[in-house]
file query_32.csv (CSV, N, CA and C atoms)
chain,number,residue,atom,x,y,z
F,1,MET,N,-9.0,1.8,-2.2
F,1,MET,CA,-8.7,3.1,-1.9
F,1,MET,C,-9.9,3.9,-1.3
F,2,THR,N,-11.1,3.5,-1.7
F,2,THR,CA,-12.2,4.3,-1.2
F,2,THR,C,-12.3,4.3,0.3
F,3,LEU,N,-12.1,3.2,1.0
F,3,LEU,CA,-12.2,3.2,2.4
F,3,LEU,C,-11.1,4.1,3.0
F,4,ALA,N,-9.9,4.0,2.5
F,4,ALA,CA,-8.8,4.8,3.1
F,4,ALA,C,-9.1,6.3,2.8
F,5,ALA,N,-9.6,6.6,1.6
F,5,ALA,CA,-9.9,8.0,1.3
F,5,ALA,C,-11.0,8.5,2.3
F,6,GLU,N,-12.0,7.7,2.5
F,6,GLU,CA,-13.1,8.2,3.4
F,6,GLU,C,-12.6,8.4,4.8
F,7,ALA,N,-11.8,7.5,5.3
F,7,ALA,CA,-11.2,7.6,6.6
F,7,ALA,C,-10.3,8.8,6.8
F,8,LEU,N,-9.5,9.0,5.8
F,8,LEU,CA,-8.6,10.2,5.8
F,8,LEU,C,-9.4,11.5,5.8
F,9,GLU,N,-10.4,11.5,5.0
F,9,GLU,CA,-11.2,12.7,4.9
F,9,GLU,C,-11.9,13.0,6.2
F,10,ARG,N,-12.4,12.0,6.9
F,10,ARG,CA,-13.0,12.1,8.2
F,10,ARG,C,-12.0,12.7,9.2
F,11,LEU,N,-10.8,12.1,9.2
F,11,LEU,CA,-9.8,12.6,10.1
F,11,LEU,C,-9.4,14.0,9.9
F,12,ARG,N,-9.3,14.4,8.6
F,12,ARG,CA,-8.9,15.8,8.3
F,12,ARG,C,-10.1,16.7,8.7
F,13,GLY,N,-11.3,16.2,8.5
F,13,GLY,CA,-12.5,17.0,8.8
F,13,GLY,C,-12.6,17.3,10.3
F,14,ALA,N,-12.0,16.4,11.1
F,14,ALA,CA,-12.0,16.5,12.6
F,14,ALA,C,-10.7,17.2,13.0
F,15,SER,N,-9.9,17.7,12.1
F,15,SER,CA,-8.6,18.4,12.3
F,15,SER,C,-7.6,17.4,13.1
F,16,THR,N,-7.7,16.2,12.7
F,16,THR,CA,-6.8,15.2,13.3
F,16,THR,C,-5.6,14.9,12.3
F,17,SER,N,-4.4,15.0,12.8
F,17,SER,CA,-3.2,14.7,12.0
F,17,SER,C,-3.3,13.3,11.4
F,18,CYS,N,-3.0,13.1,10.2
F,18,CYS,CA,-3.1,11.7,9.6
F,18,CYS,C,-2.2,11.6,8.4
F,19,GLU,N,-1.9,10.4,8.0
F,19,GLU,CA,-1.1,10.0,6.9
F,19,GLU,C,-1.6,8.7,6.3
F,20,LEU,N,-1.3,8.4,5.0
F,20,LEU,CA,-1.7,7.2,4.4
F,20,LEU,C,-0.4,6.3,4.5
F,21,GLU,N,-0.7,5.0,5.0
F,21,GLU,CA,0.4,4.1,5.1
F,21,GLU,C,0.2,3.0,4.1
F,22,GLN,N,1.2,2.7,3.3
F,22,GLN,CA,1.2,1.7,2.2
F,22,GLN,C,2.2,0.6,2.5
F,23,ILE,N,1.8,-0.6,2.3
F,23,ILE,CA,2.8,-1.7,2.4
F,23,ILE,C,3.7,-1.8,1.2
F,24,LEU,N,5.0,-1.8,1.3
F,24,LEU,CA,5.9,-1.9,0.2
F,24,LEU,C,5.6,-3.0,-0.7
F,25,GLY,N,5.5,-2.8,-2.0
F,25,GLY,CA,5.3,-3.8,-2.9
F,25,GLY,C,3.8,-4.0,-3.4
F,26,LEU,N,2.9,-3.5,-2.7
F,26,LEU,CA,1.5,-3.6,-3.1
F,26,LEU,C,1.2,-2.4,-4.1
F,27,ASN,N,0.2,-2.6,-4.9
F,27,ASN,CA,-0.1,-1.6,-5.9
F,27,ASN,C,-0.5,-0.3,-5.3
F,28,SER,N,0.3,0.7,-5.4
F,28,SER,CA,0.0,1.9,-4.7
F,28,SER,C,-0.1,3.1,-5.6
F,29,VAL,N,0.0,3.0,-6.9
F,29,VAL,CA,0.1,4.1,-7.8
F,29,VAL,C,-1.2,5.0,-7.6
F,30,GLN,N,-2.4,4.4,-7.6
F,30,GLN,CA,-3.6,5.1,-7.5
F,30,GLN,C,-3.7,5.9,-6.2
F,31,SER,N,-3.4,5.2,-5.1
F,31,SER,CA,-3.5,5.8,-3.8
F,31,SER,C,-2.4,6.9,-3.6
F,32,LEU,N,-1.2,6.7,-4.1
F,32,LEU,CA,-0.2,7.7,-4.0
F,32,LEU,C,-0.6,8.9,-4.8
F,33,HIS,N,-1.2,8.7,-5.9
F,33,HIS,CA,-1.7,9.9,-6.7
F,33,HIS,C,-2.8,10.6,-5.9
F,34,TRP,N,-3.7,9.9,-5.4
F,34,TRP,CA,-4.8,10.5,-4.6
F,34,TRP,C,-4.2,11.3,-3.4
F,35,ALA,N,-3.3,10.7,-2.7
F,35,ALA,CA,-2.7,11.4,-1.5
F,35,ALA,C,-2.0,12.7,-2.0
F,36,SER,N,-1.3,12.6,-3.1
F,36,SER,CA,-0.6,13.8,-3.6
F,36,SER,C,-1.6,14.9,-3.9
F,37,GLN,N,-2.7,14.5,-4.6
F,37,GLN,CA,-3.7,15.5,-5.0
F,37,GLN,C,-4.5,16.1,-3.8
F,38,ASN,N,-4.5,15.4,-2.7
F,38,ASN,CA,-5.3,15.8,-1.6
F,38,ASN,C,-4.4,16.3,-0.4
F,39,GLY,N,-3.1,16.4,-0.6
F,39,GLY,CA,-2.2,17.0,0.4
F,39,GLY,C,-2.0,16.0,1.6
F,40,ILE,N,-2.1,14.7,1.4
F,40,ILE,CA,-2.0,13.7,2.4
F,40,ILE,C,-0.6,13.2,2.4
F,41,GLY,N,0.1,13.1,3.5
F,41,GLY,CA,1.4,12.5,3.6
F,41,GLY,C,1.3,11.0,3.5
F,42,VAL,N,2.4,10.4,3.0
F,42,VAL,CA,2.4,8.9,2.8
F,42,VAL,C,3.6,8.3,3.5
F,43,ARG,N,3.4,7.2,4.2
F,43,ARG,CA,4.5,6.4,4.7
F,43,ARG,C,4.5,5.0,4.0
F,44,ILE,N,5.6,4.5,3.8
F,44,ILE,CA,5.8,3.2,3.2
F,44,ILE,C,6.2,2.2,4.4
F,45,TYR,N,5.3,1.2,4.6
F,45,TYR,CA,5.6,0.2,5.6
F,45,TYR,C,6.4,-0.9,5.0
F,46,ILE,N,7.6,-1.2,5.6
F,46,ILE,CA,8.4,-2.3,5.1
F,46,ILE,C,8.4,-3.4,6.2
F,47,PRO,N,7.6,-4.5,5.9
F,47,PRO,CA,7.6,-5.6,6.9
F,47,PRO,C,8.8,-6.4,6.9
F,48,PHE,N,9.2,-6.8,8.1
F,48,PHE,CA,10.4,-7.7,8.3
F,48,PHE,C,10.3,-8.5,9.6
F,49,GLY,N,11.2,-9.4,9.8
F,49,GLY,CA,11.2,-10.2,11.0
F,49,GLY,C,10.6,-11.5,10.8
F,50,LYS,N,10.6,-12.3,11.8
F,50,LYS,CA,10.2,-13.7,11.7
F,50,LYS,C,8.7,-13.9,11.3
F,51,GLY,N,7.9,-13.0,11.6
F,51,GLY,CA,6.5,-13.1,11.2
F,51,GLY,C,6.2,-12.7,9.8
F,52,TYR,N,7.2,-12.1,9.1
F,52,TYR,CA,6.9,-11.6,7.7
F,52,TYR,C,6.5,-12.7,6.7
F,53,ILE,N,7.2,-13.8,6.7
F,53,ILE,CA,6.9,-14.9,5.7
F,53,ILE,C,5.5,-15.5,5.9
F,54,PRO,N,5.2,-15.9,7.2
F,54,PRO,CA,3.8,-16.4,7.4
F,54,PRO,C,2.7,-15.4,7.0
F,55,ASN,N,2.9,-14.2,7.4
F,55,ASN,CA,1.9,-13.2,7.0
F,55,ASN,C,1.8,-13.0,5.5
F,56,ALA,N,2.9,-13.0,4.8
F,56,ALA,CA,2.9,-12.8,3.4
F,56,ALA,C,2.2,-14.0,2.7
F,57,MET,N,2.4,-15.2,3.3
F,57,MET,CA,1.7,-16.3,2.7
F,57,MET,C,0.2,-16.2,2.9
F,58,ARG,N,-0.3,-15.7,4.0
F,58,ARG,CA,-1.7,-15.5,4.3
F,58,ARG,C,-2.3,-14.5,3.3
F,59,VAL,N,-1.5,-13.4,3.0
F,59,VAL,CA,-2.0,-12.4,2.1
F,59,VAL,C,-2.1,-13.0,0.7
F,60,LEU,N,-1.1,-13.8,0.3
F,60,LEU,CA,-1.2,-14.4,-1.0
F,60,LEU,C,-2.3,-15.4,-1.2
F,61,LYS,N,-2.6,-16.1,-0.1
F,61,LYS,CA,-3.8,-17.0,-0.1
F,61,LYS,C,-5.1,-16.3,-0.3
F,62,ARG,N,-5.2,-15.1,0.3
F,62,ARG,CA,-6.4,-14.3,0.1
F,62,ARG,C,-6.5,-13.7,-1.2
F,63,ASN,N,-5.4,-13.4,-1.8
F,63,ASN,CA,-5.3,-12.7,-3.1
F,63,ASN,C,-4.2,-13.2,-4.0
F,64,PRO,N,-4.4,-14.4,-4.6
F,64,PRO,CA,-3.3,-15.0,-5.4
F,64,PRO,C,-2.8,-14.1,-6.5
F,65,LYS,N,-3.6,-13.2,-7.0
F,65,LYS,CA,-3.2,-12.4,-8.1
F,65,LYS,C,-2.0,-11.5,-7.7
F,66,LEU,N,-1.8,-11.3,-6.4
F,66,LEU,CA,-0.6,-10.5,-6.0
F,66,LEU,C,0.7,-11.1,-6.4
F,67,ALA,N,0.7,-12.4,-6.4
F,67,ALA,CA,2.0,-13.1,-6.8
F,67,ALA,C,2.3,-12.8,-8.3
F,68,LEU,N,1.3,-12.7,-9.1
F,68,LEU,CA,1.5,-12.4,-10.5
F,68,LEU,C,2.0,-10.9,-10.6
F,69,VAL,N,1.4,-10.0,-9.9
F,69,VAL,CA,1.8,-8.6,-9.9
F,69,VAL,C,3.2,-8.5,-9.4
F,70,MET,N,3.6,-9.2,-8.4
F,70,MET,CA,4.9,-9.1,-7.8
F,70,MET,C,5.9,-9.6,-8.8
F,71,ALA,N,5.6,-10.7,-9.5
F,71,ALA,CA,6.5,-11.3,-10.5
F,71,ALA,C,6.7,-10.4,-11.7
F,72,ARG,N,5.6,-9.8,-12.1
F,72,ARG,CA,5.7,-8.8,-13.2
F,72,ARG,C,6.6,-7.6,-12.9
F,73,ARG,N,6.4,-7.1,-11.7
F,73,ARG,CA,7.3,-6.0,-11.2
F,73,ARG,C,8.7,-6.3,-11.1
F,74,LEU,N,9.0,-7.5,-10.6
F,74,LEU,CA,10.3,-8.0,-10.5
F,74,LEU,C,11.0,-8.1,-11.8
F,75,ILE,N,10.3,-8.7,-12.8
F,75,ILE,CA,10.8,-8.8,-14.1
F,75,ILE,C,11.0,-7.4,-14.8
F,76,ALA,N,10.1,-6.6,-14.6
F,76,ALA,CA,10.2,-5.2,-15.2
F,76,ALA,C,11.4,-4.4,-14.6
F,77,SER,N,11.6,-4.6,-13.3
F,77,SER,CA,12.7,-3.9,-12.7
F,77,SER,C,14.1,-4.4,-13.2
F,78,HIS,N,14.1,-5.6,-13.7
F,78,HIS,CA,15.4,-6.1,-14.2
F,78,HIS,C,15.6,-5.9,-15.7
F,79,GLU,N,14.5,-5.5,-16.3
F,79,GLU,CA,14.6,-5.2,-17.8
F,79,GLU,C,15.1,-3.8,-18.1
F,80,SER,N,15.0,-2.9,-17.1
F,80,SER,CA,15.4,-1.5,-17.4
F,80,SER,C,16.9,-1.3,-17.2
call {"tool": "encode", "arguments": {"input": "query_32.csv", "output": "structure tokens"}}
result
Amino acid sequence: MTLAAEALERLRGASTSCELEQILGLNSVQSLHWASQNGIGVRIYIPFGKGYIPNAMRVLKRNPKLALVMARRLIASHES
């Protein structure tokens, strides 16, 4: 979040319109809270299409912990 916060602050400092874009399913609680506290709009990116699966696999290779996070969220969403 630090890099995004710095970039957004620089854009706002230059009076440039900006928003925070988050990929659906990634841990976004901290960044959504920061955006809310700082008056930054948020967009949720929902990837789809034939390139989605190969890209998702590359992301999981770089950060295998995401698979565990996604599994936990999926289980939690069905427990409520």
call {"tool": "select_by_dssp", "arguments": {"input": "query_32.csv", "residues": "chain F", "states": "strand (DSSP E or B)", "output": "PDB file with N, CA and C atoms, keeping the file's coordinate frame"}}
result
ATOM      1  N   GLU F  19      -1.900  10.400   8.000  1.00  0.00           N
ATOM      2  CA  GLU F  19      -1.100  10.000   6.900  1.00  0.00           C
ATOM      3  C   GLU F  19      -1.600   8.700   6.300  1.00  0.00           C
ATOM      4  N   LEU F  20      -1.300   8.400   5.000  1.00  0.00           N
ATOM      5  CA  LEU F  20      -1.700   7.200   4.400  1.00  0.00           C
ATOM      6  C   LEU F  20      -0.400   6.300   4.500  1.00  0.00           C
ATOM      7  N   GLU F  21      -0.700   5.000   5.000  1.00  0.00           N
ATOM      8  CA  GLU F  21       0.400   4.100   5.100  1.00  0.00           C
ATOM      9  C   GLU F  21       0.200   3.000   4.100  1.00  0.00           C
ATOM     10  N   GLN F  22       1.200   2.700   3.300  1.00  0.00           N
ATOM     11  CA  GLN F  22       1.200   1.700   2.200  1.00  0.00           C
ATOM     12  C   GLN F  22       2.200   0.600   2.500  1.00  0.00           C
ATOM     13  N   ILE F  23       1.800  -0.600   2.300  1.00  0.00           N
ATOM     14  CA  ILE F  23       2.800  -1.700   2.400  1.00  0.00           C
ATOM     15  C   ILE F  23       3.700  -1.800   1.200  1.00  0.00           C
ATOM     16  N   GLY F  41       0.100  13.100   3.500  1.00  0.00           N
ATOM     17  CA  GLY F  41       1.400  12.500   3.600  1.00  0.00           C
ATOM     18  C   GLY F  41       1.300  11.000   3.500  1.00  0.00           C
ATOM     19  N   VAL F  42       2.400  10.400   3.000  1.00  0.00           N
ATOM     20  CA  VAL F  42       2.400   8.900   2.800  1.00  0.00           C
ATOM     21  C   VAL F  42       3.600   8.300   3.500  1.00  0.00           C
ATOM     22  N   ARG F  43       3.400   7.200   4.200  1.00  0.00           N
ATOM     23  CA  ARG F  43       4.500   6.400   4.700  1.00  0.00           C
ATOM     24  C   ARG F  43       4.500   5.000   4.000  1.00  0.00           C
ATOM     25  N   ILE F  44       5.600   4.500   3.800  1.00  0.00           N
ATOM     26  CA  ILE F  44       5.800   3.200   3.200  1.00  0.00           C
ATOM     27  C   ILE F  44       6.200   2.200   4.400  1.00  0.00           C
ATOM     28  N   TYR F  45       5.300   1.200   4.600  1.00  0.00           N
ATOM     29  CA  TYR F  45       5.600   0.200   5.600  1.00  0.00           C
ATOM     30  C   TYR F  45       6.400  -0.900   5.000  1.00  0.00           C
TER      31      TYR F  45
END
call {"tool": "atom_distance", "arguments": {"input": "query_32.csv", "atom1": "atom N of Ala5 in chain F", "atom2": "CA of Ser17 in chain F"}}
result
14.7 Å
call {"tool": "residues_around", "arguments": {"input": "query_32.csv", "residues": "range 41-48 of chain F", "least_positions_apart": "4", "cutoff": "5 Å", "atoms": "only N, CA and C atoms", "output": "short mmCIF file (atom, residue, chain, number, x, y, z; two decimals) with N, CA and C atoms, keeping the file's coordinate frame"}}
result
data_model
loop_
_atom_site.label_atom_id
_atom_site.label_comp_id
_atom_site.auth_asym_id
_atom_site.auth_seq_id
_atom_site.Cartn_x
_atom_site.Cartn_y
_atom_site.Cartn_z
N GLU F 19 -1.90 10.40 8.00
CA GLU F 19 -1.10 10.00 6.90
C GLU F 19 -1.60 8.70 6.30
N LEU F 20 -1.30 8.40 5.00
CA LEU F 20 -1.70 7.20 4.40
C LEU F 20 -0.40 6.30 4.50
N GLU F 21 -0.70 5.00 5.00
CA GLU F 21 0.40 4.10 5.10
C GLU F 21 0.20 3.00 4.10
N GLN F 22 1.20 2.70 3.30
CA GLN F 22 1.20 1.70 2.20
C GLN F 22 2.20 0.60 2.50
N ILE F 23 1.80 -0.60 2.30
CA ILE F 23 2.80 -1.70 2.40
C ILE F 23 3.70 -1.80 1.20
N LEU F 24 5.00 -1.80 1.30
CA LEU F 24 5.90 -1.90 0.20
C LEU F 24 5.60 -3.00 -0.70
N TYR F 52 7.20 -12.10 9.10
CA TYR F 52 6.90 -11.60 7.70
C TYR F 52 6.50 -12.70 6.70
#
call {"tool": "closest_residue", "arguments": {"input": "query_32.csv", "among": "F:Arg58, F:Leu66, F:Leu8, F:Gly13", "to": "Ser31 in chain F", "atoms": "only C-alpha atoms"}}
result
F:Leu8
call {"tool": "select_by_dssp", "arguments": {"input": "query_32.csv", "residues": "range 17-78 of chain F", "states": "helix (DSSP H, G or I)", "output": "JSON, numbers by chain"}}
result
{"F": [29, 30, 31, 32, 33, 34, 35, 36, 37, 52, 53, 54, 55, 56, 57, 58, 59, 60, 61, 62, 65, 66, 67, 68, 69, 70, 71, 72, 73, 74, 75, 76, 77, 78]}
call {"tool": "atom_distance", "arguments": {"input": "query_32.csv", "atom1": "CA of Ile53 in chain F", "atom2": "CA of His33 in chain F"}}
result
29.0 Å
call {"tool": "atom_distance", "arguments": {"input": "query_32.csv", "atom1": "CA of Val29 in chain F", "atom2": "CA of Leu68 in chain F"}}
result
16.8 Å
call {"tool": "axis_aligned_box", "arguments": {"input": "query_32.csv", "around": "range 43-55 of chain F", "padding_each_side": "3 Å", "output": "JSON"}}
result
{"center_x": 6.5, "center_y": -4.6, "center_z": 7.5, "size_x": 15.4, "size_y": 29.6, "size_z": 14.6}
